[in-house]
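Novice: Contents of entry.pdb (PDB, C-alpha atoms) are given next:
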```
ATOM      1  CA  TYR A   1     180.027 154.115 293.102
ATOM      2  CA  ALA A   2     183.212 154.317 295.162
ATOM      3  CA  LYS A   3     182.477 157.877 296.284
ATOM      4  CA  LEU A   4     178.959 156.953 297.361
ATOM      5  CA  LYS A   5     180.247 153.747 299.003
ATOM      6  CA  ILE A   6     177.757 151.610 297.084
ATOM      7  CA  GLU A   7     178.513 148.007 297.991
ATOM      8  CA  HIS A   8     177.002 146.401 294.912
ATOM      9  CA  PRO A   9     177.627 148.596 291.823
ATOM     10  CA  LYS A  10     174.479 147.623 289.915
ATOM     11  CA  ARG A  11     171.546 149.442 288.389
ATOM     12  CA  GLY A  12     168.727 147.878 286.424
ATOM     13  CA  MET A  13     166.082 148.442 283.770
ATOM     14  CA  LEU A  14     163.048 146.252 283.118
ATOM     15  CA  ILE A  15     161.577 146.391 279.612
ATOM     16  CA  HIS A  16     158.133 144.898 279.150
ATOM     17  CA  SER A  17     155.835 144.639 276.156
ATOM     18  CA  PRO A  18     153.773 142.171 274.162
ATOM     19  CA  PRO A  19     155.872 139.799 272.018
ATOM     20  CA  GLY A  20     157.264 141.197 268.799
ATOM     21  CA  VAL A  21     157.333 144.882 269.759
ATOM     22  CA  GLY A  22     161.107 145.310 269.735
ATOM     23  CA  LYS A  23     162.616 144.627 273.147
ATOM     24  CA  SER A  24     165.547 142.643 271.750
ATOM     25  CA  CYS A  25     166.261 145.256 269.068
ATOM     26  CA  THR A  26     166.251 148.006 271.685
ATOM     27  CA  ILE A  27     168.733 146.132 273.845
ATOM     28  CA  ALA A  28     170.981 145.222 270.919
ATOM     29  CA  ARG A  29     171.214 148.866 269.847
ATOM     30  CA  THR A  30     171.953 150.033 273.391
ATOM     31  CA  ALA A  31     174.602 147.366 273.951
ATOM     32  CA  LYS A  32     176.280 148.137 270.628
ATOM     33  CA  GLU A  33     176.589 151.812 271.494
ATOM     34  CA  TYR A  34     178.300 150.953 274.777
ATOM     35  CA  ILE A  35     180.608 148.432 273.143
ATOM     36  CA  ASP A  36     181.584 150.877 270.388
ATOM     37  CA  ASN A  37     182.223 153.808 272.731
ATOM     38  CA  SER A  38     183.680 152.298 275.897
ATOM     39  CA  ASN A  39     185.436 149.292 277.372
ATOM     40  CA  THR A  40     182.213 147.417 278.112
ATOM     41  CA  CYS A  41     181.491 143.689 278.278
ATOM     42  CA  VAL A  42     177.993 142.415 277.459
ATOM     43  CA  VAL A  43     176.763 139.131 278.970
ATOM     44  CA  ILE A  44     173.539 137.583 277.597
ATOM     45  CA  TRP A  45     171.534 135.477 280.046
ATOM     46  CA  PRO A  46     168.548 133.516 278.663
ATOM     47  CA  SER A  47     166.767 133.066 281.986
ATOM     48  CA  ASP A  48     164.477 130.328 280.674
ATOM     49  CA  VAL A  49     167.522 128.157 279.893
ATOM     50  CA  VAL A  50     170.276 129.109 282.347
ATOM     51  CA  GLY A  51     169.625 129.205 286.101
ATOM     52  CA  ALA A  52     170.521 132.024 288.474
ATOM     53  CA  GLU A  53     173.002 129.843 290.354
ATOM     54  CA  ASP A  54     174.986 129.191 287.173
ATOM     55  CA  VAL A  55     175.119 132.896 286.335
ATOM     56  CA  LYS A  56     176.112 133.758 289.896
ATOM     57  CA  ASP A  57     178.875 131.159 289.711
ATOM     58  CA  PHE A  58     180.090 132.613 286.425
ATOM     59  CA  LEU A  59     180.138 136.198 287.689
ATOM     60  CA  SER A  60     181.612 135.283 291.077
ATOM     61  CA  VAL A  61     184.284 132.807 290.008
ATOM     62  CA  LYS A  62     184.833 132.529 286.267
ATOM     63  CA  CYS A  63     184.256 136.060 285.012
ATOM     64  CA  ASN A  64     187.361 138.169 284.357
ATOM     65  CA  TRP A  65     186.169 141.442 285.844
ATOM     66  CA  GLU A  66     189.464 143.096 284.930
ATOM     67  CA  SER A  67     188.715 142.662 281.225
ATOM     68  CA  ALA A  68     186.342 145.647 281.117
ATOM     69  CA  ASP A  69     185.457 148.875 282.913
ATOM     70  CA  LYS A  70     181.717 148.301 282.747
ATOM     71  CA  PHE A  71     179.409 145.322 282.314
ATOM     72  CA  ILE A  72     175.936 144.980 280.797
ATOM     73  CA  LEU A  73     173.990 141.904 281.893
ATOM     74  CA  VAL A  74     171.005 141.181 279.640
ATOM     75  CA  ILE A  75     168.400 138.898 281.246
ATOM     76  CA  GLU A  76     165.986 137.691 278.576
ATOM     77  CA  ASP A  77     162.437 136.396 279.094
ATOM     78  CA  LEU A  78     162.019 136.877 282.819
ATOM     79  CA  GLY A  79     159.154 134.687 283.950
ATOM     80  CA  GLY A  80     159.310 132.513 280.863
ATOM     81  CA  GLY A  81     156.832 132.594 278.016
ATOM     82  CA  ALA A  82     153.158 131.957 277.561
ATOM     83  CA  ASP A  83     151.416 129.245 275.600
ATOM     84  CA  ILE A  84     149.177 129.951 272.616
ATOM     85  CA  TYR A  85     146.251 130.604 274.982
ATOM     86  CA  GLY A  86     148.200 133.222 276.953
ATOM     87  CA  ALA A  87     148.700 131.090 280.072
ATOM     88  CA  VAL A  88     151.919 131.810 281.953
ATOM     89  CA  HIS A  89     153.659 128.666 283.136
ATOM     90  CA  ASP A  90     156.828 129.982 284.766
ATOM     91  CA  LYS A  91     157.276 132.184 287.816
ATOM     92  CA  ILE A  92     160.280 134.143 289.006
ATOM     93  CA  PRO A  93     162.429 131.759 291.097
ATOM     94  CA  SER A  94     163.623 133.061 294.459
ATOM     95  CA  SER A  95     167.232 132.430 293.429
ATOM     96  CA  LEU A  96     166.866 134.956 290.592
ATOM     97  CA  LEU A  97     165.252 137.537 292.873
ATOM     98  CA  ASN A  98     168.046 137.073 295.417
ATOM     99  CA  PHE A  99     170.537 137.561 292.601
ATOM    100  CA  LEU A 100     168.889 140.818 291.577
ATOM    101  CA  ASP A 101     168.802 141.966 295.201
ATOM    102  CA  GLY A 102     172.582 141.556 295.413
ATOM    103  CA  ILE A 103     172.354 139.410 298.524
ATOM    104  CA  GLU A 104     175.715 137.930 297.621
ATOM    105  CA  ASP A 105     178.657 140.045 296.511
ATOM    106  CA  VAL A 106     178.500 139.245 292.791
ATOM    107  CA  PHE A 107     179.008 142.545 290.968
ATOM    108  CA  LYS A 108     182.637 143.694 291.037
ATOM    109  CA  LYS A 109     182.398 146.495 288.454
ATOM    110  CA  PRO A 110     179.614 148.915 287.519
ATOM    111  CA  THR A 111     176.962 146.685 285.974
ATOM    112  CA  PHE A 112     173.819 147.683 284.111
ATOM    113  CA  VAL A 113     171.182 144.926 284.198
ATOM    114  CA  ILE A 114     168.653 145.059 281.351
ATOM    115  CA  SER A 115     165.797 142.574 281.654
ATOM    116  CA  THR A 116     162.855 141.771 279.418
ATOM    117  CA  THR A 117     159.503 140.141 280.022
ATOM    118  CA  ASN A 118     156.315 139.515 278.076
ATOM    119  CA  ASN A 119     154.359 138.883 281.284
ATOM    120  CA  ALA A 120     154.437 142.221 283.067
ATOM    121  CA  ASP A 121     150.910 141.995 284.484
ATOM    122  CA  ALA A 122     151.588 138.697 286.211
ATOM    123  CA  LEU A 123     155.129 139.422 287.387
ATOM    124  CA  MET A 124     155.385 143.165 288.042
ATOM    125  CA  ASP A 125     154.830 142.930 291.798
ATOM    126  CA  SER A 126     157.615 140.423 292.373
ATOM    127  CA  LEU A 127     160.012 142.226 290.034
ATOM    128  CA  THR A 128     159.542 145.776 291.304
ATOM    129  CA  SER A 129     158.310 145.410 294.893
ATOM    130  CA  ARG A 130     161.808 145.730 296.332
ATOM    131  CA  PRO A 131     163.940 148.836 295.681
ATOM    132  CA  GLY A 132     167.156 148.132 293.833
ATOM    133  CA  ARG A 133     165.926 145.337 291.606
ATOM    134  CA  PHE A 134     164.996 147.674 288.784
ATOM    135  CA  ASP A 135     165.392 151.436 288.865
ATOM    136  CA  ILE A 136     163.596 152.010 285.570
ATOM    137  CA  VAL A 137     160.541 150.169 284.245
ATOM    138  CA  LEU A 138     159.999 150.829 280.545
ATOM    139  CA  GLY A 139     156.931 149.679 278.643
ATOM    140  CA  LEU A 140     157.078 149.431 274.862
ATOM    141  CA  PRO A 141     153.567 149.873 273.448
ATOM    142  CA  LEU A 142     152.168 148.415 270.275
ATOM    143  CA  PRO A 143     152.471 150.834 267.331
ATOM    144  CA  LYS A 144     149.503 153.116 266.839
ATOM    145  CA  GLY A 145     147.656 154.331 263.760
ATOM    146  CA  SER A 146     149.950 155.704 261.103
ATOM    147  CA  GLU A 147     152.941 154.243 262.965
ATOM    148  CA  ARG A 148     151.885 150.835 261.669
ATOM    149  CA  LEU A 149     151.983 152.080 258.097
ATOM    150  CA  GLY A 150     155.356 153.635 258.860
ATOM    151  CA  PHE A 151     156.666 150.259 260.004
ATOM    152  CA  LEU A 152     155.386 148.609 256.825
ATOM    153  CA  LYS A 153     157.154 151.237 254.718
ATOM    154  CA  PHE A 154     160.326 150.822 256.769
ATOM    155  CA  PHE A 155     160.415 147.037 256.338
ATOM    156  CA  ALA A 156     159.553 147.228 252.643
ATOM    157  CA  GLY A 157     162.049 150.010 251.899
ATOM    158  CA  GLU A 158     162.547 150.539 248.183
ATOM    159  CA  TYR A 159     160.118 147.695 247.417
ATOM    160  CA  TYR A 160     157.158 149.424 249.058
ATOM    161  CA  LYS A 161     155.904 150.533 245.649
ATOM    162  CA  ASP A 162     155.701 146.864 244.631
ATOM    163  CA  LEU A 163     152.977 146.348 247.242
ATOM    164  CA  ASN A 164     150.695 148.516 245.067
ATOM    165  CA  LEU A 165     148.842 150.174 247.917
ATOM    166  CA  SER A 166     146.598 153.082 247.030
ATOM    167  CA  GLU A 167     145.852 155.832 249.552
ATOM    168  CA  THR A 168     142.554 154.107 250.260
ATOM    169  CA  ASP A 169     144.381 150.805 250.796
ATOM    170  CA  GLU A 170     146.753 152.537 253.212
ATOM    171  CA  ASP A 171     143.818 153.889 255.237
ATOM    172  CA  VAL A 172     142.246 150.425 255.350
ATOM    173  CA  PHE A 173     145.597 148.914 256.362
ATOM    174  CA  ILE A 174     145.909 151.338 259.282
ATOM    175  CA  LYS A 175     142.428 150.440 260.536
ATOM    176  CA  GLN A 176     142.619 146.692 259.933
ATOM    177  CA  SER A 177     146.105 146.229 261.445
ATOM    178  CA  GLU A 178     145.153 147.548 264.872
ATOM    179  CA  GLY A 179     146.822 145.469 267.568
ATOM    180  CA  PHE A 180     149.662 144.329 265.302
ATOM    181  CA  SER A 181     153.210 144.320 266.618
ATOM    182  CA  ALA A 182     156.278 145.251 264.584
ATOM    183  CA  ALA A 183     156.813 141.527 263.988
ATOM    184  CA  HIS A 184     153.296 141.192 262.554
ATOM    185  CA  LEU A 185     153.872 144.171 260.280
ATOM    186  CA  LYS A 186     157.139 142.769 259.001
ATOM    187  CA  GLU A 187     155.400 139.476 258.299
ATOM    188  CA  CYS A 188     152.732 141.326 256.286
ATOM    189  CA  TYR A 189     155.398 142.620 253.927
ATOM    190  CA  ILE A 190     157.350 139.353 253.683
ATOM    191  CA  ARG A 191     154.296 137.184 253.122
ATOM    192  CA  ALA A 192     152.815 139.539 250.518
ATOM    193  CA  MET A 193     156.063 139.650 248.533
ATOM    194  CA  LEU A 194     156.854 135.938 248.746
ATOM    195  CA  ASN A 195     153.368 134.832 247.778
ATOM    196  CA  LYS A 196     152.538 137.726 245.414
ATOM    197  CA  ARG A 197     149.398 138.577 247.324
ATOM    198  CA  HIS A 198     147.807 141.841 248.412
ATOM    199  CA  VAL A 199     148.847 143.131 251.818
ATOM    200  CA  LEU A 200     145.242 143.571 252.949
ATOM    201  CA  ASP A 201     144.593 139.869 252.311
ATOM    202  CA  ILE A 202     147.621 139.052 254.476
ATOM    203  CA  VAL A 203     146.346 141.336 257.237
ATOM    204  CA  LYS A 204     143.018 139.501 257.293
ATOM    205  CA  GLU A 205     144.823 136.162 257.284
ATOM    206  CA  ILE A 206     146.971 137.105 260.266
ATOM    207  CA  LYS A 207     143.991 138.537 262.151
ATOM    208  CA  ASP A 208     142.038 135.320 261.602
ATOM    209  CA  TRP A 209     144.998 133.320 262.874
ATOM    210  CA  ILE A 210     145.363 135.515 265.971
ATOM    211  CA  ALA A 211     141.646 135.105 266.704
ATOM    212  CA  LYS A 212     141.926 131.317 266.500
ATOM    213  CA  VAL A 213     144.855 131.381 268.910
ATOM    214  CA  LYS A 214     143.212 133.851 271.296
ATOM    215  CA  TYR A 215     139.921 131.985 271.558
ATOM    216  CA  GLY A 216     141.449 128.533 271.727
ATOM    217  CA  LYS A 217     140.175 127.260 268.404
ATOM    218  CA  LEU A 218     143.516 125.602 267.681
ATOM    219  CA  ASN A 219     143.085 122.320 269.502
ATOM    220  CA  THR A 220     146.808 121.591 269.725
ATOM    221  CA  LYS A 221     146.398 119.312 272.748
ATOM    222  CA  LYS A 222     144.638 116.759 270.576
ATOM    223  CA  ASP A 223     146.660 117.430 267.458
ATOM    224  CA  PRO A 224     150.066 119.046 268.150
ATOM    225  CA  SER A 225     150.692 119.508 264.437
ATOM    226  CA  GLN A 226     147.565 121.564 263.814
ATOM    227  CA  GLY A 227     149.201 124.909 264.535
ATOM    228  CA  VAL A 228     152.155 124.130 262.297
ATOM    229  CA  VAL A 229     149.959 122.901 259.476
ATOM    230  CA  GLY A 230     147.697 125.939 259.796
ATOM    231  CA  PHE A 231     150.639 128.317 259.595
ATOM    232  CA  ALA A 232     152.201 126.429 256.686
ATOM    233  CA  SER A 233     148.950 126.454 254.749
ATOM    234  CA  MET A 234     148.820 130.234 255.001
ATOM    235  CA  MET A 235     152.324 130.477 253.593
ATOM    236  CA  GLU A 236     151.516 128.401 250.508
TER
END
```
Show the structure stored in the file as structure tokens.
Specialist:
Amino acid sequence: YAKLKIEHPKRGMLIHSPPGVGKSCTIARTAKEYIDNSNTCVVIWPSDVVGAEDVKDFLSVKCNWESADKFILVIEDLGGGADIYGAVHDKIPSSLLNFLDGIEDVFKKPTFVISTTNNADALMDSLTSRPGRFDIVLGLPLPKGSERLGFLKFFAGEYYKDLNLSETDEDVFIKQSEGFSAAHLKECYIRAMLNKRHVLDIVKEIKDWIAKVKYGKLNTKKDPSQGVVGFASMME
């Protein structure tokens, strides 16, 4: 950075995917490798809770930049979340975009900004339209085909045999679990083991629940407890 006379020593990566695919796990693994192998400080910024001005104040005034050689700033949930119908309520505030643009001299040491969002389609233009905000945009897709069975085996580990899945069951699982995230697949294993039920029954249960959410059949505006009760009833 010094040789190239870069005024603001910052580079960035934007990771986007549907919820539950593994953005947080990816970041945690990356950050751990840096912490284990170098003098690196990791700062976690939940953007839906803490404003850009507060983070700028921390980095500009309160942060001890001499405590590390490198910094990783993790910005979680850019653009906020979506409700159960998929509607996005939050936008990217201009203060956060200005922060990413380095308009003010905030970054004192080489800083790697890793950001996540579930709302790439709605926010991609504002997040990537200006060079320097994010140098790399990485999409994490939903697992495909046999990958979903691989996830189930990974989560179940030595207890996979207790799920009693035949080869035919495994083929059905691969077909019926299309569109499931890693989080869904982990829930299949946990729910089947806790409730002593067949995994394929759990898959159907989760698919039915997703369909109700997607098509707005959970009338939570009239009865806020309906979603909770529905989920609890499936766990019984």
Novice: Within 7 Å of segment 145-151 of chain A, counting all atoms listed in the file, which residues qualify if same-chain residues fewer than 5 places away don't, as a ChimeraX atom specification?
Specialist: /A:174,182,185
Novice: Do you know which residues are at most 9 Å from Arg191 of chain A counting all atoms listed in the file, after dropping those on the same chain fewer than 5 positions away, and could you put them as a list of chain:residue names?
Specialist: A:Lys186, A:Lys196, A:Arg197, A:Val199, A:Ile202, A:Met235
Novice: To one decimal in Å, tell me the separation between atom CA of Tyr160 of chain A and atom CA of Glu178 of chain A.
Specialist: 19.9 Å
Novice: Translate the PyMOL selection byres ((chain A and resi 125-133) around 12) into a concrete residue list for this structure, as a PDB file with C-alpha atoms, keeping the file's coordinate frame.
Specialist:
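Wrote expr_19.pdb, looks like this:
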```pdb
ATOM      1  CA  ILE A   6     177.757 151.610 297.084  1.00  0.00           C
ATOM      2  CA  HIS A   8     177.002 146.401 294.912  1.00  0.00           C
ATOM      3  CA  PRO A   9     177.627 148.596 291.823  1.00  0.00           C
ATOM      4  CA  LYS A  10     174.479 147.623 289.915  1.00  0.00           C
ATOM      5  CA  ARG A  11     171.546 149.442 288.389  1.00  0.00           C
ATOM      6  CA  GLY A  12     168.727 147.878 286.424  1.00  0.00           C
ATOM      7  CA  MET A  13     166.082 148.442 283.770  1.00  0.00           C
ATOM      8  CA  LEU A  14     163.048 146.252 283.118  1.00  0.00           C
ATOM      9  CA  ILE A  15     161.577 146.391 279.612  1.00  0.00           C
ATOM     10  CA  HIS A  16     158.133 144.898 279.150  1.00  0.00           C
ATOM     11  CA  LEU A  78     162.019 136.877 282.819  1.00  0.00           C
ATOM     12  CA  GLY A  79     159.154 134.687 283.950  1.00  0.00           C
ATOM     13  CA  LYS A  91     157.276 132.184 287.816  1.00  0.00           C
ATOM     14  CA  ILE A  92     160.280 134.143 289.006  1.00  0.00           C
ATOM     15  CA  PRO A  93     162.429 131.759 291.097  1.00  0.00           C
ATOM     16  CA  SER A  94     163.623 133.061 294.459  1.00  0.00           C
ATOM     17  CA  LEU A  96     166.866 134.956 290.592  1.00  0.00           C
ATOM     18  CA  LEU A  97     165.252 137.537 292.873  1.00  0.00           C
ATOM     19  CA  ASN A  98     168.046 137.073 295.417  1.00  0.00           C
ATOM     20  CA  PHE A  99     170.537 137.561 292.601  1.00  0.00           C
ATOM     21  CA  LEU A 100     168.889 140.818 291.577  1.00  0.00           C
ATOM     22  CA  ASP A 101     168.802 141.966 295.201  1.00  0.00           C
ATOM     23  CA  GLY A 102     172.582 141.556 295.413  1.00  0.00           C
ATOM     24  CA  ILE A 103     172.354 139.410 298.524  1.00  0.00           C
ATOM     25  CA  PHE A 112     173.819 147.683 284.111  1.00  0.00           C
ATOM     26  CA  VAL A 113     171.182 144.926 284.198  1.00  0.00           C
ATOM     27  CA  ILE A 114     168.653 145.059 281.351  1.00  0.00           C
ATOM     28  CA  SER A 115     165.797 142.574 281.654  1.00  0.00           C
ATOM     29  CA  THR A 116     162.855 141.771 279.418  1.00  0.00           C
ATOM     30  CA  THR A 117     159.503 140.141 280.022  1.00  0.00           C
ATOM     31  CA  ASN A 119     154.359 138.883 281.284  1.00  0.00           C
ATOM     32  CA  ALA A 120     154.437 142.221 283.067  1.00  0.00           C
ATOM     33  CA  ASP A 121     150.910 141.995 284.484  1.00  0.00           C
ATOM     34  CA  ALA A 122     151.588 138.697 286.211  1.00  0.00           C
ATOM     35  CA  LEU A 123     155.129 139.422 287.387  1.00  0.00           C
ATOM     36  CA  MET A 124     155.385 143.165 288.042  1.00  0.00           C
ATOM     37  CA  PHE A 134     164.996 147.674 288.784  1.00  0.00           C
ATOM     38  CA  ASP A 135     165.392 151.436 288.865  1.00  0.00           C
ATOM     39  CA  ILE A 136     163.596 152.010 285.570  1.00  0.00           C
ATOM     40  CA  VAL A 137     160.541 150.169 284.245  1.00  0.00           C
ATOM     41  CA  LEU A 138     159.999 150.829 280.545  1.00  0.00           C
TER      42      LEU A 138
END
```
Novice: I would like the residues chosen by the PyMOL selection byres ((chain A and resi 166-173) around 8) on the shown file; could you give them as a PDB file with C-alpha atoms, keeping the file's coordinate frame?
Specialist:
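Output contents, as saved in expr-v5.pdb:
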```pdb
ATOM      1  CA  LEU A 149     151.983 152.080 258.097  1.00  0.00           C
ATOM      2  CA  ASN A 164     150.695 148.516 245.067  1.00  0.00           C
ATOM      3  CA  LEU A 165     148.842 150.174 247.917  1.00  0.00           C
ATOM      4  CA  ILE A 174     145.909 151.338 259.282  1.00  0.00           C
ATOM      5  CA  LYS A 175     142.428 150.440 260.536  1.00  0.00           C
ATOM      6  CA  GLN A 176     142.619 146.692 259.933  1.00  0.00           C
ATOM      7  CA  SER A 177     146.105 146.229 261.445  1.00  0.00           C
ATOM      8  CA  LEU A 200     145.242 143.571 252.949  1.00  0.00           C
ATOM      9  CA  VAL A 203     146.346 141.336 257.237  1.00  0.00           C
TER      10      VAL A 203
END
```
Novice: Hey, can you check how far atom CA of Ala52 of chain A sits from atom CA of Ala31 of chain A?
Specialist: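 According to the coordinates, atom CA of Ala52 of chain A and atom CA of Ala31 of chain A are separated by 21.5 Å.
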Novice: Care to translate the PyMOL selection byres ((chain A and resi 55) around 12) into actual residues of this file, as a list of chain:residue names?
Specialist: A:Val43, A:Ile44, A:Trp45, A:Pro46, A:Ser47, A:Val49, A:Val50, A:Gly51, A:Ala52, A:Glu53, A:Asp54, A:Lys56, A:Asp57, A:Phe58, A:Leu59, A:Ser60, A:Val61, A:Lys62, A:Cys63, A:Leu73, A:Val74, A:Ile75, A:Ser95, A:Leu96, A:Phe99, A:Leu100, A:Val106, A:Phe107
Novice: Separation of atom CA of Asn39 of chain A and atom CA of Glu76 of chain A, in Å?
Specialist: 22.7 Å
Novice: Taking all atoms of segment 49-61 of chain A that the file lists, what box with edges along x, y and z, padded by 4 Å per side, do you get, with centre and edge lengths in Å to one decimal, as AutoDock Vina command-line options?
Specialist:
```
--center_x 175.9 --center_y 132.2 --center_z 285.5 --size_x 24.8 --size_y 16.0 --size_z 19.2
```
Novice: Give the answer as one residue: which of A:Val21, A:Ile35, A:Ile206, A:Ala2 has the shortest atom-to-atom distance to Pro141 of chain A, using all atoms listed in the file?
Specialist: A:Val21
Novice: Between A:Lys5, A:Lys144, A:Lys153, A:His184, which one has atoms that come closest to Ile210 of chain A, using only C-alpha atoms?
Specialist: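 With only C-alpha atoms as the atom set, the closest residue is A:His184.
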